[in-house]
Each structure stands twice: as structure tokens, then as C-alpha cells.
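Trainee: Questions regarding the structure given below will be posed in turn.
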Amino acid sequence: MQAIKISKNSILYIILALIILIIYWNLQTYEFLNYDDNDFVIENEYIRDGFSAKSLSYAFTDMNSGIWLPVTWLSHIFDCQLFGLNPMGHHWNNLILHIINSLLVFIILQKMTGAIYRSFFVAVLFAAHPIQIESVAWVSERKNVLSTFFYLITILNYIFYSKSLSTGRYLVVIFFYILGLMSKPMMVTMPFALLLLDYWPLGRITTFKEFNIYSKKGGNRRILLEKVPFLIIAIIFSIISFQAQYIAGAMTDLESIPINARIELSLVSYVKYLFNLVWPVRLAFFYPYSGDISFWEIVGASFMLFLISVYSIRCVMTKSHVLFGWLWFLGTMFPVIGLVHLGDQSMADRYLYIPCIGIFVIIVWEVFRLSKQYVTHKASPVIIFGVATIILVFTSISQMKHWRNNITLYSHAIEVIENNYVAHGNLGAVLLNSGKSDEAIYHLRKALEIKPQSRKSHFDLGTALAAKRMYSEAKKHFNVILKSYPDDTETILMLGRVHFDLEEYKKSIDYFSVILKQNPNHFQALEYLGKNFLRLKKPEMAKKIYFSAIKVRPDSPSILFILGTIFHNEGDLEKAEYYYKMALKYKPDFKEAIINLKNIRMINKSADISPK
């Protein structure tokens, strides 16, 4: 029997995939997080129920999330269709995409350079580095691994195009580019990235001196013109992205963070990202922006970036990989470096998913070059990167443990990053939902000490205090929110519930009435308004409200049961029996409805057998 021959590349593909599986194997047991996973999957009614006309319409029209990403939404809908709300399947698909992306990095570099082992070790660093864990272990970051898949597929097809200059292949490149932008708009850097690849390693541009649109040969002119459609598409998607961020209120205005502060943040962040790539030991899911950047940090960062940039430019002819890697890092990171500021974070590990490739190219190519120049043993680069891979694998496994669930993630972030109000606030919310009100109150108060204007922390703390029957203090936190957000429905609802618990029914009715003026079909407001009227001994008013509630949610067993109880108390057993049966239709184990229904049947039976 003839032995099966396995190519060298196939062995390297298997090794690369195994490294990733060793690091991420336990991911299948990890949970969803209450940080974005709720909005993207768990509580998103358009996504969690799988494919439907409603979900498809949502995927292509939603902008409330702050990003227009229909392809990403479709991938989440697909997961929910297959796995429901079992997080294992969602995590596995993120992992599969990371494996494919790592293989693509290897294949692309090898095709462009012909250097098998150097390309392999760049892919290993990309695959195994702890900085990538946020993008893979966080379900909500599907947009990152998915858009990177299209980013790399676009580049792979561009390589084929650069050899054939086929119009058909060019259209394929454009097609995958658009799919990537529909997954996450960070792909707007593609025209710049392709231009860099034309310089190195494709060698379509020999030197920057020859790079001008007046070249008599027309080569450079063609290269520029090729990028025009990419640039136009990037501008269109940038406008869509800005519009989505405006609608969602995600963009920080220039009054909050002026342009000079953004430039300072960008300079310092570039250096911090480099540091995290070299020394990835205090990584967290959130790095808060404080605005407190010292003069010496800015000077030091600027000087360091200047020196590296000057050195890279001097390598334009002799070590092209250095200039390529440095410009790749600077350019692909640019959209998220902080000049356009979103949210409260100063930086995020997930932003390095693509930019890190440039730095890894510099490191690997330089180690091989220096080893060849100064070390006689040919295996020395393999030994160096073998040791580095082992270190990265163990570091990544250790970092992975923090992503197991909400509590492990937020607790770790509090340990490694000072004044992490988001971690304190999110941990407080998790503890509150777990019934641990005292611990929740502690963390929520810590969050407000750091950021007193946090709407979410005020709301969660008010909710936790209300759960502890500390109503006076709870109302203070809810009222703080209403000063800034007077139409905040969620807060008005909670104040109505607090006054209900305090038996201040008229005040409670006022709050729920405000909500119903804004939205007559608000189910919870209708539900509590009905309860208030029952407490005030006004069953007719309560019935009217509950009938409205049933129109909004006809499958609510609690409302159906209450209506049954009202008719039962009024002696209308026929209607009471009807509503009890309806409640049991939607909740077959509803004990109170079962008992009341039995009582009605016993009364009816007694009436049937009583003497005429």
C-alpha cells in the first residue's frame, strides 16, 4: 500500500491550527457576557430567534448599535438559528474564523514572499498572541474576526489580480472588500494596505522616488488608478459609519475631548499598543480614558514614534519589510487610534487584530536576517520562535481564563487597571442580577466614585438599593439620571415601582402615566398601573388597563391570571374560568391558576348537584 505523502505546508497548517486549539479549547464552556453580548445576541429579539423577514430587515437597516454591519448581523442570526442561545456554538464560530484568519496570514505572506518559515512564524505570532483573545473569546467581537476574514480574502485575491491584471479578478477583490466593510467599517484602510503591498512584498513599486502619476511607463499610474474605486467605496462607508454613530450617540464631541487631547491620546496609545505587543501581561477588556496624560508621556511617545519612523524610512531600499511593517501598523490602526473618539475607552486590545501583523513581520524578518548575519547555526530562528511560541501559548492560556464569565473578566480588569469604573459597574450589575445586593452596591458605589456622571451606574445602584428596600437613597440616584435625561423611560419606570413599594399609589400612577403618554403600549407600565388601581380598590380601572396590556402581549400568563382573579372576585365564574385556562395555556405549571380553576369547578359541581 502506497504511503500517503503530506506536504511541508500541510504539516505547518496542522501545527498552526493545533496551537490555536490548545489555547482556546476551553472556550466551548465559556458564557455570554453582559457587556454587549446582551445587545448583540441575548436580548436582541431580531437576532436571537433566527432567520425571519423581520430579522433580515433588521440586519440591513439597523444603525442604533452605532455601526452598520449587516453581514455580521447575518452571522449572529445564523448562529442563533443553529445553536439558539447556547454560547458554545457562538464561541466555536469565532474560533473557527480565527483559525482560518491565521492560516490566511500564513498563505498570503508565503505567496507574496516565498519565505515559508518566516511566513509561518508571523502566522504563529498572530494566532497565539494574548492580544487576540478579546477578538476571539468575546462573542460580540464576531465583527472583528469576520471582517478580518474578508480583509485577508480581499488581499489574497488582490495577489492573484496583481499577477493577471484580470478585470474579473479585480471585481472579485472589490466584492470581498465590500463584504468586509459590511462586517465592520475598519476595512476602510484597505486602499492604503494594498498600496503598501504593492511596495513590499509584491514589488510593483520599486521605490517611492518612482511613485508618481506622471510615470512614463504608466505602471505607477495604473497602481494609483486601481485604488480609486476602493477609495470611493471607503468614503461612502465612512459616511454611513459616521451617520450610524451619530444616530446611536456613540461619538464623543469635541467639547468633551478637544482635538489637542485626541492627538495626545493617539500618540501615547500607539506606544502603549506596542508595549502590549511586546509585554502582554496586564491586558483588560476595558481601558478607561481619564484625560490625565502627563507632558512627559506625550514627549516620550512622540520622540519614540519619530525615531522608529525615521529608521523605517532609512530602510526603504535595504530592508523594505521594516518600512512596510511600521506603516502597516500605523495606517491600519489609524481609524481607531483616538482621533475619532468613540465611547469611554482610551484603547482596546481588539483594535490590534489586524495592525499587529505589521509588527510581527518586522520581528520575524529581522530575527531571521540577524541570525543569518551573526549566528552560524541555521536552526537558531526556529529555536527562538519555538521558545517564543511556548511562552505565548502559556501566557494566552492564562489570559483566556479571565474570559470564562462576567465575574472573572471584570474582577481581573479591576485588578490590573486602576479606576476601571466600567469593570466595577458591570460587576455590580452581574452581582445584582445574582441576588448579591450588598456586593453589587459596593462595586456600583466604587464606579460612581470614579465617574460620578455615569448614568448606568446610577441606575444599577438605584435598583440595588431598591432591592434592599433603601428607597430614599434609591430615589436620589434615579432623580440624578432624570436631571440629565428627563425622558428616560427605564428610570421613570423604576421610580414608579419604588413609589408602588412605598404604597404611594397616586405618585406611582403619575410616573407610569408619563410613560404611557410617550408609549401607550409599554407593557410594564400597563402592568404596574393595573396593580396600582387594584391596591386603590378600583377593579374596573384595573380591568381596563389589563385589557390594554393583553392587546400588547396576549401570551402573558400573569396578566391573564390577574384578569381571571378580578372576575373570580366579582363572581363572574365563567369569565374567570376562561382567563385561568388562557393563563395555563401559556404556563401549564401555573399553580395558582390550577388551584383557582379547581375551586371554580368544585363550585360549579356543587351547584349542579344541589337540590332544585
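In the C-alpha cells, chains take letters A, B, ... by order of appearance, with residues numbered from 1 within each chain and ligands from 1 in the order shown.
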Write out as a list in words each polymer residue whose atoms come within 7 Å of segment 527-541 of chain A, counting only C-alpha atoms; drop sequence neighbours fewer than 6 positions from it.

Mentor: Tyr505, Ile509, Phe512, Ala549 and Ile566 of chain A

Trainee: Write the residues of the selection above to a file with C-alpha atoms, as a short mmCIF file (atom, residue, chain, number, x, y, z; two decimals), in the first residue's frame.

Mentor:
```cif
data_model
loop_
_atom_site.label_atom_id
_atom_site.label_comp_id
_atom_site.auth_asym_id
_atom_site.auth_seq_id
_atom_site.Cartn_x
_atom_site.Cartn_y
_atom_site.Cartn_z
CA TYR A 505 -50.00 54.64 44.75
CA ILE A 509 -49.63 56.18 38.88
CA PHE A 512 -46.48 55.18 34.83
CA ALA A 549 -51.92 45.03 28.36
CA ILE A 566 -60.71 40.02 39.19
#
```

Trainee: Neighbouring residues of Ser140 of chain A were defined as those with any atom within 10 Å, considering only C-alpha atoms; residues of the same chain fewer than 2 positions away were excluded. Please report them as an MDAnalysis selection string.

Mentor: chainID A and resid 32:33 35:41 72 76 90:91 94 134:138 142:144

Trainee: Would you pick out the contacts of Leu267 of chain A at 12 Å or less, using only C-alpha atoms, so that residues sharing its chain but fewer than 2 positions from it are not included, and give the list as a count of residues only?

Mentor: 33

Trainee: Extract, using only C-alpha atoms, all DNA, RNA and protein residues at most 8 Å from segment 48-65 of chain A, discarding same-chain residues fewer than 2 positions from it, and format them as a PyMOL selection string.

Mentor: chain A and resi 41-46+67-71+73-74+77-82+84-85+244-245+247-248

Trainee: Output C-alpha atoms for every residue in the selection just made, as a CSV table (one decimal), in the first residue's frame.

Mentor:
```csv
chain,number,residue,atom,x,y,z
A,41,VAL,CA,-27.5,38.4,20.8
A,42,ILE,CA,-29.2,37.5,24.1
A,43,GLU,CA,-31.7,40.3,24.4
A,44,ASN,CA,-31.9,41.3,20.7
A,45,GLU,CA,-35.3,40.0,19.6
A,46,TYR,CA,-34.4,40.4,16.0
A,67,ILE,CA,-22.2,50.6,13.3
A,68,TRP,CA,-23.8,49.4,10.0
A,69,LEU,CA,-22.8,45.8,9.8
A,70,PRO,CA,-25.4,43.7,8.0
A,71,VAL,CA,-23.0,40.8,7.3
A,73,TRP,CA,-25.8,40.6,12.0
A,74,LEU,CA,-26.5,37.8,9.5
A,77,ILE,CA,-28.7,35.3,13.1
A,78,PHE,CA,-27.2,32.1,11.6
A,79,ASP,CA,-25.7,31.1,14.9
A,80,CYS,CA,-29.0,31.6,16.7
A,81,GLN,CA,-30.7,29.6,14.1
A,82,LEU,CA,-28.3,26.7,14.6
A,84,GLY,CA,-30.2,29.1,19.9
A,85,LEU,CA,-28.7,30.9,23.0
A,244,ALA,CA,-24.7,55.3,12.4
A,245,GLN,CA,-22.5,56.7,15.2
A,247,ILE,CA,-27.8,58.1,15.4
A,248,ALA,CA,-26.5,55.9,18.3
```

Trainee: Identify, with DSSP run on backbone atoms, the residues in segment 237-423 of chain A assigned to strand (DSSP E or B), and express the list as number ranges by chain.

Mentor: A: 251, 287-288, 342, 345-347

Trainee: Skip Glu226 of chain A itself and residues of its chain fewer than 3 positions away, then list as a PDB file with all heavy atoms, in the first residue's frame all residues within 10 Å of it, counting only C-alpha atoms.

Mentor:
```
ATOM      1  N   TYR A 170     -10.315  41.561 -10.522  1.00  0.00           N
ATOM      2  CA  TYR A 170     -10.409  42.862  -9.856  1.00  0.00           C
ATOM      3  C   TYR A 170     -11.799  43.053  -9.240  1.00  0.00           C
ATOM      4  O   TYR A 170     -11.941  43.536  -8.118  1.00  0.00           O
ATOM      5  CB  TYR A 170     -10.132  43.976 -10.874  1.00  0.00           C
ATOM      6  CG  TYR A 170     -10.115  45.377 -10.277  1.00  0.00           C
ATOM      7  CD1 TYR A 170      -8.994  45.859  -9.623  1.00  0.00           C
ATOM      8  CD2 TYR A 170     -11.225  46.206 -10.385  1.00  0.00           C
ATOM      9  CE1 TYR A 170      -8.968  47.136  -9.086  1.00  0.00           C
ATOM     10  CE2 TYR A 170     -11.226  47.481  -9.851  1.00  0.00           C
ATOM     11  CZ  TYR A 170     -10.086  47.935  -9.207  1.00  0.00           C
ATOM     12  OH  TYR A 170     -10.073  49.204  -8.661  1.00  0.00           O
ATOM     13  N   PRO A 191      -7.460  50.533   0.835  1.00  0.00           N
ATOM     14  CA  PRO A 191      -6.677  51.158  -0.250  1.00  0.00           C
ATOM     15  C   PRO A 191      -5.228  51.406   0.153  1.00  0.00           C
ATOM     16  O   PRO A 191      -4.300  51.167  -0.630  1.00  0.00           O
ATOM     17  CB  PRO A 191      -7.412  52.487  -0.493  1.00  0.00           C
ATOM     18  CG  PRO A 191      -8.793  52.265   0.017  1.00  0.00           C
ATOM     19  CD  PRO A 191      -8.664  51.312   1.163  1.00  0.00           C
ATOM     20  N   LEU A 194      -3.331  47.964   0.397  1.00  0.00           N
ATOM     21  CA  LEU A 194      -2.980  47.419  -0.920  1.00  0.00           C
ATOM     22  C   LEU A 194      -1.811  48.183  -1.540  1.00  0.00           C
ATOM     23  O   LEU A 194      -0.952  47.591  -2.206  1.00  0.00           O
ATOM     24  CB  LEU A 194      -4.193  47.461  -1.848  1.00  0.00           C
ATOM     25  CG  LEU A 194      -5.387  46.576  -1.449  1.00  0.00           C
ATOM     26  CD1 LEU A 194      -6.509  46.705  -2.468  1.00  0.00           C
ATOM     27  CD2 LEU A 194      -4.976  45.122  -1.273  1.00  0.00           C
ATOM     28  N   LEU A 195      -1.785  49.483  -1.306  1.00  0.00           N
ATOM     29  CA  LEU A 195      -0.674  50.295  -1.799  1.00  0.00           C
ATOM     30  C   LEU A 195       0.647  49.882  -1.148  1.00  0.00           C
ATOM     31  O   LEU A 195       1.692  49.808  -1.790  1.00  0.00           O
ATOM     32  CB  LEU A 195      -0.965  51.770  -1.519  1.00  0.00           C
ATOM     33  CG  LEU A 195      -0.380  52.825  -2.458  1.00  0.00           C
ATOM     34  CD1 LEU A 195      -0.724  52.527  -3.907  1.00  0.00           C
ATOM     35  CD2 LEU A 195      -0.886  54.205  -2.055  1.00  0.00           C
ATOM     36  N   ASN A 220       3.045  52.994 -12.337  1.00  0.00           N
ATOM     37  CA  ASN A 220       2.620  53.607 -11.084  1.00  0.00           C
ATOM     38  C   ASN A 220       1.270  54.307 -11.231  1.00  0.00           C
ATOM     39  O   ASN A 220       0.489  54.359 -10.292  1.00  0.00           O
ATOM     40  CB  ASN A 220       3.675  54.602 -10.605  1.00  0.00           C
ATOM     41  CG  ASN A 220       4.932  53.884 -10.123  1.00  0.00           C
ATOM     42  OD1 ASN A 220       4.849  52.746  -9.668  1.00  0.00           O
ATOM     43  ND2 ASN A 220       6.071  54.533 -10.259  1.00  0.00           N
ATOM     44  N   ARG A 221       1.032  54.854 -12.418  1.00  0.00           N
ATOM     45  CA  ARG A 221      -0.254  55.493 -12.668  1.00  0.00           C
ATOM     46  C   ARG A 221      -1.372  54.453 -12.560  1.00  0.00           C
ATOM     47  O   ARG A 221      -2.408  54.704 -11.959  1.00  0.00           O
ATOM     48  CB  ARG A 221      -0.274  56.137 -14.047  1.00  0.00           C
ATOM     49  CG  ARG A 221      -1.594  56.843 -14.354  1.00  0.00           C
ATOM     50  CD  ARG A 221      -1.584  57.387 -15.768  1.00  0.00           C
ATOM     51  NE  ARG A 221      -0.495  58.326 -15.972  1.00  0.00           N
ATOM     52  CZ  ARG A 221      -0.186  58.856 -17.154  1.00  0.00           C
ATOM     53  NH1 ARG A 221      -0.876  58.530 -18.223  1.00  0.00           N
ATOM     54  NH2 ARG A 221       0.815  59.707 -17.259  1.00  0.00           N
ATOM     55  N   ARG A 222      -1.145  53.290 -13.125  1.00  0.00           N
ATOM     56  CA  ARG A 222      -2.135  52.209 -13.059  1.00  0.00           C
ATOM     57  C   ARG A 222      -2.377  51.795 -11.610  1.00  0.00           C
ATOM     58  O   ARG A 222      -3.519  51.582 -11.189  1.00  0.00           O
ATOM     59  CB  ARG A 222      -1.671  51.005 -13.884  1.00  0.00           C
ATOM     60  CG  ARG A 222      -2.670  49.863 -13.858  1.00  0.00           C
ATOM     61  CD  ARG A 222      -2.121  48.579 -14.480  1.00  0.00           C
ATOM     62  NE  ARG A 222      -3.141  47.552 -14.411  1.00  0.00           N
ATOM     63  CZ  ARG A 222      -3.970  47.244 -15.402  1.00  0.00           C
ATOM     64  NH1 ARG A 222      -3.886  47.878 -16.562  1.00  0.00           N
ATOM     65  NH2 ARG A 222      -4.886  46.301 -15.247  1.00  0.00           N
ATOM     66  N   ILE A 223      -1.295  51.688 -10.863  1.00  0.00           N
ATOM     67  CA  ILE A 223      -1.403  51.280  -9.454  1.00  0.00           C
ATOM     68  C   ILE A 223      -2.264  52.263  -8.673  1.00  0.00           C
ATOM     69  O   ILE A 223      -3.097  51.877  -7.855  1.00  0.00           O
ATOM     70  CB  ILE A 223       0.006  51.151  -8.826  1.00  0.00           C
ATOM     71  CG1 ILE A 223       0.708  49.919  -9.393  1.00  0.00           C
ATOM     72  CG2 ILE A 223      -0.073  51.060  -7.306  1.00  0.00           C
ATOM     73  CD1 ILE A 223       2.182  49.849  -9.078  1.00  0.00           C
ATOM     74  N   PRO A 229     -11.418  53.219  -7.056  1.00  0.00           N
ATOM     75  CA  PRO A 229     -12.712  52.636  -6.638  1.00  0.00           C
ATOM     76  C   PRO A 229     -12.730  52.233  -5.164  1.00  0.00           C
ATOM     77  O   PRO A 229     -13.748  52.411  -4.482  1.00  0.00           O
ATOM     78  CB  PRO A 229     -12.850  51.411  -7.544  1.00  0.00           C
ATOM     79  CG  PRO A 229     -12.025  51.731  -8.741  1.00  0.00           C
ATOM     80  CD  PRO A 229     -10.860  52.501  -8.213  1.00  0.00           C
ATOM     81  N   PHE A 230     -11.599  51.708  -4.668  1.00  0.00           N
ATOM     82  CA  PHE A 230     -11.512  51.348  -3.248  1.00  0.00           C
ATOM     83  C   PHE A 230     -11.683  52.577  -2.369  1.00  0.00           C
ATOM     84  O   PHE A 230     -12.356  52.533  -1.330  1.00  0.00           O
ATOM     85  CB  PHE A 230     -10.157  50.690  -2.953  1.00  0.00           C
ATOM     86  CG  PHE A 230      -9.992  49.322  -3.527  1.00  0.00           C
ATOM     87  CD1 PHE A 230      -9.454  49.140  -4.787  1.00  0.00           C
ATOM     88  CD2 PHE A 230     -10.386  48.203  -2.810  1.00  0.00           C
ATOM     89  CE1 PHE A 230      -9.300  47.877  -5.330  1.00  0.00           C
ATOM     90  CE2 PHE A 230     -10.234  46.932  -3.344  1.00  0.00           C
ATOM     91  CZ  PHE A 230      -9.695  46.761  -4.610  1.00  0.00           C
ATOM     92  N   LEU A 231     -11.060  53.660  -2.778  1.00  0.00           N
ATOM     93  CA  LEU A 231     -11.135  54.894  -2.009  1.00  0.00           C
ATOM     94  C   LEU A 231     -12.560  55.455  -1.999  1.00  0.00           C
ATOM     95  O   LEU A 231     -13.061  55.892  -0.947  1.00  0.00           O
ATOM     96  CB  LEU A 231     -10.168  55.925  -2.589  1.00  0.00           C
ATOM     97  CG  LEU A 231      -9.939  57.200  -1.771  1.00  0.00           C
ATOM     98  CD1 LEU A 231      -9.381  56.875  -0.392  1.00  0.00           C
ATOM     99  CD2 LEU A 231      -8.985  58.137  -2.511  1.00  0.00           C
TER     100      LEU A 231
END
```

Trainee: Figure out the distance between atom CA of Leu495 of chain A and atom CA of Lys475 of chain A, please, to one decimal in Å.

Mentor: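 Computed distance, atom CA of Lys475 of chain A to atom CA of Leu495 of chain A, equals 6.7 Å.
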
Trainee: Per DSSP on the backbone, what are the alpha helix (DSSP H) residues of segment 97-230 of chain A, as a VMD selection string?

Mentor: chain A and resid 97 to 113 116 to 128 133 to 137 142 to 164 167 to 181 190 to 199 219 to 230

Trainee: Go ahead and compute the interatomic distance for atom CA of Pro87 of chain A and atom CA of Tyr24 of chain A, in Å to one decimal.

Mentor: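 Between atom CA of Pro87 of chain A and atom CA of Tyr24 of chain A the gap works out to 14.3 Å.
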
Trainee: Extract, using only C-alpha atoms, all DNA, RNA and protein residues at most 7 Å from Leu444 of chain A, discarding same-chain residues fewer than 4 positions from it, and format them as a PyMOL selection string.

Mentor: chain A and resi 424-425+428+440+448+457+461

Trainee: Take the selection from the previous step and output its residues with C-alpha atoms, as a compact mmCIF listing (two decimals), in the first residue's frame.

Mentor:
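For reference, again.txt as written:
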```txt
# COMPACT_ATOMS: atom_id res chain seq x y z
CA HIS A 424 -16.82 47.95 38.70
CA GLY A 425 -20.17 48.93 37.19
CA GLY A 428 -22.06 45.34 40.18
CA ALA A 440 -23.33 44.89 43.99
CA LEU A 448 -19.62 56.28 40.86
CA SER A 457 -24.05 53.09 37.48
CA LEU A 461 -27.14 51.35 42.15
```

Trainee: Could you give me, as a PyMOL selection string, the residues within 12 Å of Asn433 of chain A, counting only C-alpha atoms and dropping anything in the same chain fewer than 6 positions from it?

Mentor: chain A and resi 34+406-407+426-427+439-441+460-461+463-464+467

Trainee: Print the selection's residues with C-alpha atoms to a file, as an mmCIF file, in the first residue's frame.

Mentor:
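So part-v4.cif came out as:
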```cif
data_model
loop_
_atom_site.group_PDB
_atom_site.id
_atom_site.type_symbol
_atom_site.label_atom_id
_atom_site.label_comp_id
_atom_site.auth_asym_id
_atom_site.auth_seq_id
_atom_site.Cartn_x
_atom_site.Cartn_y
_atom_site.Cartn_z
ATOM 1 C CA ASN A 34 -23.363 41.181 29.848
ATOM 2 C CA ASN A 406 -18.635 38.032 33.674
ATOM 3 C CA ILE A 407 -17.259 37.803 37.194
ATOM 4 C CA ASN A 426 -20.535 45.764 35.107
ATOM 5 C CA LEU A 427 -19.500 43.560 38.017
ATOM 6 C CA GLU A 439 -21.607 43.186 46.917
ATOM 7 C CA ALA A 440 -23.328 44.885 43.987
ATOM 8 C CA ILE A 441 -23.825 48.092 45.985
ATOM 9 C CA ASP A 460 -27.970 49.973 38.701
ATOM 10 C CA LEU A 461 -27.144 51.353 42.145
ATOM 11 C CA THR A 463 -32.040 49.317 41.505
ATOM 12 C CA ALA A 464 -29.774 47.543 44.004
ATOM 13 C CA ALA A 467 -33.943 45.695 46.204
#
```

Trainee: What does the distance between atom CA of Gln345 of chain A and atom CA of Ser290 of chain A come to in Å, to one decimal place?

Mentor: 8.8 Å

Trainee: Which residue, A:Val367, A:Leu516, A:Leu573, A:Leu16, has the smallest gap to Ser548 of chain A when you use only C-alpha atoms?

Mentor: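 Once distances to Ser548 of chain A are computed over only C-alpha atoms, the minimum belongs to A:Leu516.
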